[in-house]
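One structure is given here, and the rest of the page talks about it.
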Amino acid sequence: MQREKLTLNTILIFFLVLFLVPLFWAIRGANPERFSVIENRTLAEFSLEDRLLFSAVKQLARGDLKSFSEVVDTQFHKRAFQNDFAKAVSDQFPLRIQAVQASKAINRLIISGAYAFLPDQAIPADMQSEFYVTRDKQHLLYRPVSFTEEQKQVIDERLANYQYLIETYPQINFSAYYLERLQYSPYHPINDYFNDVDERRSLTYFEENKPDELLFEKNMLNDFEDHVKYYYTSDNHLNIRGMVEIYNEVYDLLKQNYPEISDRVDVKEYVTFPGVQFLGGLARITLFPLEPELFEVAVYDVPPYKIIDDGEEIIYTRSADYWAGTNSFDRYANHYGDYFGLLKSNLEYHSDNDSERNLLYIGDSFSIPIYPMIASHYKNTHFIDPRHDHDYTSARYLPLLDIDDVIIVGDATVLYTDITWLIRP
């Protein structure tokens, strides 16, 4: 009897809190925090005015049963009202982030206890994601990647695609630059605890079967310390020093087909900004209490250029906020995206230089910091991320834009293990 009473009281408290949320919204008024910095996303909101219910009632009063029925069908039968309300309750629940942080802290205590007497050099960072943290609590890591027969089939399809492009456009130079990440390398600290780990097997298969005409270079890790040196501790991206090294090697690769390329861009200095400390995407996902790190950028000179986004010139000014000291100082601010620019596809750089060559550069957010450096060597440079450009085809870009060189830069996903990056005919 006592147990049933306790259960009933728990249920009543739960539903009381749930139904108090709309009252909380009404008292609070407009939501002062429409964007969650920690989660790097816009929070869901809910308003009865957006449901068209009041106008539907007015239409019914005028005898317009059809319009009223359409609103009711959309909002309730198709569950738009219920789904949007549930999302808003989840996102706007009072003290939601604090509750999530408390839950994560409890999870970390459980994980630490479970691994206390085990020799693992990295343990789960939380119970929801697949990220790990080193025992010294200094580095968040992706779990090791497996190499399967399904991946081999995808590689075969990507290899056939490279061969098709080379045969179809013999006047264009095609090259690929591979960036090894820890989860594909032999140096991940917990490789031994996973089955069929990649450990460069996919790379070996790709190299053994790639077309001879495809120029190929790679940047390999020599040990775990290389990962520590060139990657952010709490983010999947390379730090600026790692990206400058990538720029120099990509430059050397392009020069093989473009011997008259202008001199490489020299970095004058690396600078940090007062008060700016960086916790990246992995820290935001896991909420692991990692110590933030300094956020560095490179200072260099390039010729003037214009950035064209879907046919319209854009002027990116958010990096200027950092030099003026008006940037965000939030603990979880996305400094990588804020300073270098958020990832967009189909960006064009028109550089004011003496070059007559055009480049198609296919890559992901890893390359954002060096876009201006690469573009400084070409008349027109088109940066494409196929994940964000559904109209992307080789027929659309290669002959119509008078492309001379094509380079694809990235990790195994970008180069050969993901069909999304296939350069479609």
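Labeling convention for the structure tokens: chains A, B, ... as they appear, residues from 1 per chain, ligands from 1 in order of appearance.
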
For the alpha helix (DSSP H) assignment from backbone DSSP, which residues of stretch 172-316 of chain A qualify? Please present them as JSON, numbers by chain. {"A": [201, 202, 203, 204, 205, 206, 207, 208, 209, 224, 225, 226, 227, 228, 229, 230, 240, 241, 242, 243, 244, 245, 246, 247, 248, 249, 250, 251, 252, 253, 254, 255, 281, 282, 283, 284, 285, 286]}

Do you have, as CSV, the list of residues of stretch 215-281 of chain A lying at most 9 Å from stretch 135-143 of chain A, each with its nearest atom pair and that distance in Å to one decimal, counting only C-alpha atoms and ordered by chain then number?
```
residue,atom,partner,partner_atom,distance
A:Val228,CA,A:His139,CA,8.0
A:Tyr232,CA,A:His139,CA,8.3
A:Thr233,CA,A:His139,CA,4.7
A:Ser234,CA,A:Leu140,CA,5.4
A:Asp235,CA,A:Leu140,CA,7.6
A:Asn236,CA,A:Leu141,CA,8.1
```

Please, which residues of stretch 251-363 of chain A, numbered as in this document, come out strand (DSSP E or B) from DSSP, as a ChimeraX atom specification? /A:267-278,293-300,305-309,312-314,347-351,358-362

Report, in Å with one decimal, the straight-line distance from atom CA of A:Ile403 to atom CA of A:His382. 9.1 Å

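Interatomic distance, atom CA of A:Val271 against atom CA of A:Ala333: 18.3 Å.
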
Just the residues within 10 Å of A:Pro304, please, counting only C-alpha atoms, with nothing from its chain fewer than 6 positions along; format it as a list of chain:residue names. A:Tyr349, A:His350, A:Ser351, A:Asp352, A:Asn353, A:Pro372, A:Ser376

Just-selected residues, C-alpha atoms written as a JSON list (two decimals), in the first residue's frame:
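Contents of result.json, freshly written:
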```json
[["chain", "number", "residue", "atom", "x", "y", "z"],
["A", 349, "TYR", "CA", 36.72, 32.85, -54.07],
["A", 350, "HIS", "CA", 37.68, 35.28, -56.82],
["A", 351, "SER", "CA", 41.27, 36.38, -56.14],
["A", 352, "ASP", "CA", 42.94, 39.50, -57.48],
["A", 353, "ASN", "CA", 46.13, 37.87, -58.76],
["A", 372, "PRO", "CA", 41.90, 31.97, -48.33],
["A", 376, "SER", "CA", 45.28, 32.96, -53.30]]
```
